[in-house]
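**Q** Got a structure here, written out as structure tokens. Questions coming.
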Amino acid sequence: MSLIGRKVPEFKATAFKKGEKDFITVTDKDLLGKWSVFVFYPADFTFVCPTELEDLQDNYEAFKKEGAEVYSVSCDTAFVHKAWADHSERIKKVTYSMVADPTGFLARAFEVMIEEEGLALRGSFVINPEGKIVAYEVHDNGIGREAKELLRKLQGAKFVAEHGEVCPAKWQPGSETLKPSLDLIGEL
């Protein structure tokens, strides 16, 4: 069954956020009223993960410009997130919230948990201001993601929600969109 339209469940999680004096708390209530992006990854102190989180950081201002908050999530603790940020030049740059999910509650709720390993798959989720999943992609842990494509999906989801038009393949902000109508059937 698809996760599209599924409301993010109630949750309360601890997160590491650079610049904060202590760990912060992130809840499902924090997602309401704005767009959110959740990026699950297998584990801290690994190989592909720091390249992805750095790429997200390099594009973080663009996500914020779209009115979206970014949350990275792994089954590590917030202590491990902080230690990773203290020791990795790539993770040291990260300023968005790094959510701890040591019980795997969020990984299971988003259906990315690898039970036998206690790790999450690489899953990217766009969540609308009502707290519902409107786009997602999950794939094998050996394949790194690109933040710009996730940003494009966020922009497309926002456009559809705001304008009631649809975005064709390869759509980019400012590109032509389609207004669904009977006149278009068989004409594209």
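Within each chain, counting starts at residue 1; across the structure tokens, chains are named A, B, ... in the order shown, with ligands numbered 1 upward in that order.
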Could you list, as a PyMOL selection string, every residue within 12 Å of Met1 in chain A, counting only C-alpha atoms and ignoring same-chain residues fewer than 4 positions away?
**A** chain A and resi 5-6+110-111
**Q** Emit the selected residues as an mmCIF file, in the first residue's frame, including N, CA, C and O atoms.
**A**
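selection-v8.cif, freshly written:
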```
data_model
loop_
_atom_site.group_PDB
_atom_site.id
_atom_site.type_symbol
_atom_site.label_atom_id
_atom_site.label_comp_id
_atom_site.auth_asym_id
_atom_site.auth_seq_id
_atom_site.Cartn_x
_atom_site.Cartn_y
_atom_site.Cartn_z
ATOM 1 N N GLY A 5 -0.450 10.369 0.914
ATOM 2 C CA GLY A 5 -1.647 10.787 1.634
ATOM 3 C C GLY A 5 -1.666 10.361 3.088
ATOM 4 O O GLY A 5 -2.541 10.786 3.849
ATOM 5 N N ARG A 6 -0.716 9.524 3.492
ATOM 6 C CA ARG A 6 -0.662 9.070 4.880
ATOM 7 C C ARG A 6 -0.154 10.198 5.768
ATOM 8 O O ARG A 6 0.836 10.849 5.466
ATOM 9 N N PHE A 110 7.569 5.175 8.527
ATOM 10 C CA PHE A 110 7.790 5.554 7.132
ATOM 11 C C PHE A 110 8.132 4.337 6.258
ATOM 12 O O PHE A 110 8.473 4.485 5.093
ATOM 13 N N GLU A 111 8.061 3.147 6.850
ATOM 14 C CA GLU A 111 8.275 1.867 6.168
ATOM 15 C C GLU A 111 9.646 1.766 5.495
ATOM 16 O O GLU A 111 9.776 1.251 4.381
#
```
**Q** In range 69-146 of chain A, what's strand (DSSP E or B) per DSSP? Answer as JSON, numbers by chain?
**A** {"A": [69, 70, 71, 72, 73, 74, 97, 98, 99, 100, 113, 114, 119, 120, 122, 123, 124, 125, 126, 127, 132, 133, 134, 135, 136, 137, 138, 139]}
**Q** Can you list, as an MDAnalysis selection string, every protein, DNA or RNA residue that comes within 10 Å of Phe16 in chain A when you count only C-alpha atoms, leaving out same-chain residues fewer than 5 positions away?
**A** chainID A and resid 21:26 77:83 85 95:100
**Q** With all heavy atoms retained, write the just-selected residues as a compact mmCIF listing (two decimals), in the first residue's frame.
**A**
```
# COMPACT_ATOMS: atom_id res chain seq x y z
N LYS A 21 22.37 24.96 22.28
CA LYS A 21 23.14 24.67 23.49
C LYS A 21 22.89 23.26 24.02
O LYS A 21 23.67 22.73 24.79
CB LYS A 21 22.84 25.70 24.58
CG LYS A 21 23.36 27.06 24.23
CD LYS A 21 23.11 28.04 25.34
CE LYS A 21 23.62 29.40 24.91
NZ LYS A 21 23.68 30.35 25.97
N ASP A 22 21.78 22.68 23.61
CA ASP A 22 21.42 21.34 24.05
C ASP A 22 20.72 20.65 22.90
O ASP A 22 20.45 21.27 21.86
CB ASP A 22 20.49 21.42 25.27
CG ASP A 22 20.53 20.16 26.13
OD1 ASP A 22 21.11 19.15 25.69
OD2 ASP A 22 19.96 20.19 27.23
N PHE A 23 20.40 19.38 23.07
CA PHE A 23 19.61 18.69 22.06
C PHE A 23 18.24 19.34 22.01
O PHE A 23 17.77 19.93 22.99
CB PHE A 23 19.48 17.21 22.40
CG PHE A 23 20.78 16.46 22.34
CD1 PHE A 23 21.20 15.68 23.41
CD2 PHE A 23 21.59 16.53 21.23
CE1 PHE A 23 22.39 14.98 23.36
CE2 PHE A 23 22.79 15.84 21.16
CZ PHE A 23 23.19 15.07 22.23
N ILE A 24 17.58 19.24 20.86
CA ILE A 24 16.24 19.79 20.71
C ILE A 24 15.24 18.65 20.58
O ILE A 24 15.62 17.51 20.35
CB ILE A 24 16.14 20.75 19.51
CG1 ILE A 24 16.38 19.99 18.18
CG2 ILE A 24 17.10 21.92 19.65
CD1 ILE A 24 16.04 20.80 16.95
N THR A 25 13.97 18.98 20.73
CA THR A 25 12.89 18.01 20.55
C THR A 25 12.16 18.35 19.26
O THR A 25 11.85 19.51 19.00
CB THR A 25 11.92 18.05 21.74
OG1 THR A 25 12.65 17.73 22.93
CG2 THR A 25 10.79 17.06 21.56
N VAL A 26 11.92 17.34 18.45
CA VAL A 26 11.15 17.48 17.22
C VAL A 26 9.92 16.60 17.37
O VAL A 26 10.02 15.45 17.79
CB VAL A 26 11.97 17.04 15.98
CG1 VAL A 26 11.13 17.11 14.72
CG2 VAL A 26 13.24 17.88 15.84
N THR A 77 21.63 7.54 17.98
CA THR A 77 21.18 8.47 19.03
C THR A 77 21.66 9.89 18.70
O THR A 77 22.54 10.09 17.85
CB THR A 77 21.75 8.08 20.41
OG1 THR A 77 23.17 8.27 20.38
CG2 THR A 77 21.38 6.65 20.78
N ALA A 78 21.10 10.86 19.39
CA ALA A 78 21.53 12.25 19.22
C ALA A 78 22.98 12.43 19.65
O ALA A 78 23.70 13.27 19.10
CB ALA A 78 20.61 13.18 20.01
N PHE A 79 23.44 11.62 20.61
CA PHE A 79 24.84 11.68 21.04
C PHE A 79 25.78 11.30 19.90
O PHE A 79 26.82 11.90 19.69
CB PHE A 79 25.08 10.76 22.25
CG PHE A 79 24.31 11.15 23.46
CD1 PHE A 79 23.17 10.45 23.84
CD2 PHE A 79 24.71 12.24 24.24
CE1 PHE A 79 22.45 10.82 24.96
CE2 PHE A 79 23.99 12.60 25.37
CZ PHE A 79 22.86 11.90 25.73
N VAL A 80 25.37 10.28 19.15
CA VAL A 80 26.18 9.84 18.02
C VAL A 80 26.16 10.91 16.92
O VAL A 80 27.19 11.21 16.31
CB VAL A 80 25.70 8.47 17.48
CG1 VAL A 80 26.50 8.05 16.26
CG2 VAL A 80 25.79 7.41 18.56
N HIS A 81 25.00 11.53 16.68
CA HIS A 81 24.91 12.63 15.70
C HIS A 81 25.91 13.74 16.07
O HIS A 81 26.62 14.25 15.21
CB HIS A 81 23.51 13.22 15.65
CG HIS A 81 22.46 12.34 15.05
ND1 HIS A 81 22.73 11.31 14.17
CD2 HIS A 81 21.12 12.36 15.20
CE1 HIS A 81 21.59 10.73 13.81
NE2 HIS A 81 20.59 11.36 14.42
N LYS A 82 25.94 14.11 17.35
CA LYS A 82 26.85 15.18 17.79
C LYS A 82 28.31 14.75 17.61
O LYS A 82 29.14 15.53 17.11
CB LYS A 82 26.59 15.57 19.23
CG LYS A 82 27.53 16.71 19.65
CD LYS A 82 27.39 17.11 21.08
CE LYS A 82 28.28 18.28 21.45
NZ LYS A 82 29.61 18.33 20.85
N ALA A 83 28.63 13.54 18.01
CA ALA A 83 30.01 13.06 17.86
C ALA A 83 30.42 13.05 16.39
O ALA A 83 31.56 13.40 16.06
CB ALA A 83 30.14 11.66 18.47
N ALA A 85 29.23 15.03 14.02
CA ALA A 85 29.42 16.43 13.62
C ALA A 85 30.74 16.98 14.17
O ALA A 85 31.39 17.80 13.53
CB ALA A 85 28.25 17.28 14.11
N THR A 95 23.48 22.20 9.33
CA THR A 95 22.76 23.09 10.26
C THR A 95 21.28 22.73 10.41
O THR A 95 20.60 23.32 11.24
CB THR A 95 22.88 24.56 9.82
OG1 THR A 95 22.35 24.71 8.50
CG2 THR A 95 24.32 25.03 9.87
N TYR A 96 20.78 21.78 9.62
CA TYR A 96 19.39 21.34 9.80
C TYR A 96 19.37 20.30 10.93
O TYR A 96 20.42 19.84 11.40
CB TYR A 96 18.81 20.76 8.50
CG TYR A 96 19.68 19.74 7.81
CD1 TYR A 96 19.69 18.41 8.23
CD2 TYR A 96 20.50 20.10 6.75
CE1 TYR A 96 20.50 17.47 7.62
CE2 TYR A 96 21.31 19.16 6.13
CZ TYR A 96 21.30 17.86 6.56
OH TYR A 96 22.10 16.93 5.96
N SER A 97 18.20 19.93 11.39
CA SER A 97 18.06 19.00 12.50
C SER A 97 18.39 17.58 12.08
O SER A 97 17.91 17.08 11.06
CB SER A 97 16.63 19.02 13.05
OG SER A 97 16.33 20.29 13.56
N MET A 98 19.23 16.94 12.90
CA MET A 98 19.58 15.53 12.71
C MET A 98 18.81 14.74 13.77
O MET A 98 19.18 14.73 14.95
CB MET A 98 21.09 15.34 12.84
CG MET A 98 21.88 16.08 11.79
SD MET A 98 23.68 15.90 12.00
CE MET A 98 23.87 14.17 11.56
N VAL A 99 17.73 14.10 13.35
CA VAL A 99 16.81 13.44 14.27
C VAL A 99 17.31 12.05 14.64
O VAL A 99 17.74 11.28 13.78
CB VAL A 99 15.40 13.35 13.64
CG1 VAL A 99 14.44 12.63 14.56
CG2 VAL A 99 14.88 14.75 13.30
N ALA A 100 17.24 11.74 15.92
CA ALA A 100 17.63 10.44 16.44
C ALA A 100 16.39 9.53 16.51
O ALA A 100 15.34 9.95 17.00
CB ALA A 100 18.24 10.58 17.83
```
**Q** Hey, could you make a per-residue contact list for range 11-82 of chain A against range 139-152 of chain A with 7 Å as the cut-off, showing the nearest pair of atoms and its distance in Å to one decimal, counting only C-alpha atoms, sorted by chain and number, as JSON lines?
**A**
```
{"residue": "A:Val48", "atom": "CA", "partner": "A:Gly144", "partner_atom": "CA", "distance": 6.2}
{"residue": "A:Glu52", "atom": "CA", "partner": "A:Arg145", "partner_atom": "CA", "distance": 6.4}
{"residue": "A:Asp55", "atom": "CA", "partner": "A:Ala147", "partner_atom": "CA", "distance": 6.0}
{"residue": "A:Leu56", "atom": "CA", "partner": "A:Ala147", "partner_atom": "CA", "distance": 5.3}
{"residue": "A:Asn59", "atom": "CA", "partner": "A:Ala147", "partner_atom": "CA", "distance": 6.7}
{"residue": "A:Phe63", "atom": "CA", "partner": "A:Leu151", "partner_atom": "CA", "distance": 6.5}
```
**Q** Give me, as JSON, numbers by chain, the residues of range 43-132 of chain A that a backbone DSSP run labels alpha helix (DSSP H).
**A** {"A": [48, 49, 50, 51, 52, 53, 54, 55, 56, 57, 58, 60, 61, 62, 63, 64, 65, 78, 79, 80, 81, 82, 83, 84, 85, 86, 87, 89, 90, 91, 92, 105, 106, 107, 108, 109]}
**Q** Restrict the selected residues to C-alpha atoms and save them as a compact mmCIF listing (two decimals), in the first residue's frame.
**A**
```
# COMPACT_ATOMS: atom_id res chain seq x y z
CA VAL A 48 27.64 7.33 1.38
CA CYS A 49 25.69 9.05 4.18
CA PRO A 50 28.07 11.98 4.79
CA THR A 51 28.10 12.80 1.08
CA GLU A 52 24.30 12.94 1.05
CA LEU A 53 23.99 15.01 4.21
CA GLU A 54 26.61 17.45 2.92
CA ASP A 55 24.69 17.73 -0.38
CA LEU A 56 21.50 18.46 1.59
CA GLN A 57 23.36 21.15 3.54
CA ASP A 58 24.71 22.66 0.31
CA TYR A 60 19.51 23.79 2.58
CA GLU A 61 19.01 27.50 1.85
CA ALA A 62 17.06 26.59 -1.30
CA PHE A 63 14.79 24.31 0.75
CA LYS A 64 14.26 27.07 3.31
CA LYS A 65 13.53 29.55 0.49
CA ALA A 78 21.53 12.25 19.22
CA PHE A 79 24.84 11.68 21.04
CA VAL A 80 26.18 9.84 18.02
CA HIS A 81 24.91 12.63 15.70
CA LYS A 82 26.85 15.18 17.79
CA ALA A 83 30.01 13.06 17.86
CA TRP A 84 29.80 12.66 14.08
CA ALA A 85 29.42 16.43 13.62
CA ASP A 86 32.40 16.97 15.93
CA HIS A 87 34.63 14.64 13.88
CA GLU A 89 34.30 17.90 8.12
CA ARG A 90 31.24 17.18 5.97
CA ILE A 91 28.81 16.75 8.88
CA LYS A 92 30.31 19.71 10.76
CA PHE A 105 9.74 4.15 15.51
CA LEU A 106 10.03 6.67 12.68
CA ALA A 107 11.81 4.23 10.35
CA ARG A 108 8.93 1.78 10.83
CA ALA A 109 6.26 4.49 10.46
```
**Q** Which residue gives the smallest distance to Lys7 in chain A among A:His163, A:Lys132, A:Lys34, A:Lys170, with only C-alpha atoms counted?
**A**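 Once distances to Lys7 in chain A are computed over only C-alpha atoms, the minimum belongs to A:Lys132.
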**Q** By how many Å are CA of Lys158 in chain A and CA of Cys75 in chain A apart?
**A**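 The value is 29.1 Å.
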**Q** Using only C-alpha atoms, which protein or nucleic acid residues come within 9 Å of Gly123 in chain A? Drop anything in the same chain fewer than 4 positions from it, and give the result as a list in words.
**A**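 Contacts, with the query itself left out: Phe38, Val39, Phe40, Tyr41, Phe110, Glu111, Val112, Tyr136, Glu137, Val138 and His139 of chain A.
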**Q** Since we have the selection now, will you write its residues out, keeping N, CA and C atoms, as a compact mmCIF listing (two decimals), in the first residue's frame?
**A**
```txt
# COMPACT_ATOMS: atom_id res chain seq x y z
N PHE A 38 11.84 14.80 5.04
CA PHE A 38 12.52 13.83 5.89
C PHE A 38 13.44 13.00 5.00
N VAL A 39 14.69 12.90 5.41
CA VAL A 39 15.67 12.11 4.67
C VAL A 39 16.24 11.06 5.62
N PHE A 40 15.82 9.82 5.43
CA PHE A 40 16.33 8.70 6.23
C PHE A 40 17.62 8.20 5.60
N TYR A 41 18.56 7.80 6.45
CA TYR A 41 19.81 7.21 5.98
C TYR A 41 20.21 6.12 6.97
N PHE A 110 7.57 5.18 8.53
CA PHE A 110 7.79 5.55 7.13
C PHE A 110 8.13 4.34 6.26
N GLU A 111 8.06 3.15 6.85
CA GLU A 111 8.27 1.87 6.17
C GLU A 111 9.65 1.77 5.49
N VAL A 112 10.69 2.23 6.20
CA VAL A 112 12.06 2.12 5.68
C VAL A 112 12.97 1.30 6.60
N TYR A 136 7.56 10.48 -2.21
CA TYR A 136 8.63 9.77 -1.54
C TYR A 136 9.35 8.85 -2.50
N GLU A 137 10.56 8.50 -2.10
CA GLU A 137 11.39 7.58 -2.87
C GLU A 137 12.22 6.79 -1.88
N VAL A 138 12.27 5.49 -2.07
CA VAL A 138 13.05 4.61 -1.19
C VAL A 138 13.87 3.71 -2.09
N HIS A 139 15.15 3.56 -1.74
CA HIS A 139 15.97 2.65 -2.54
C HIS A 139 17.09 2.03 -1.72
```
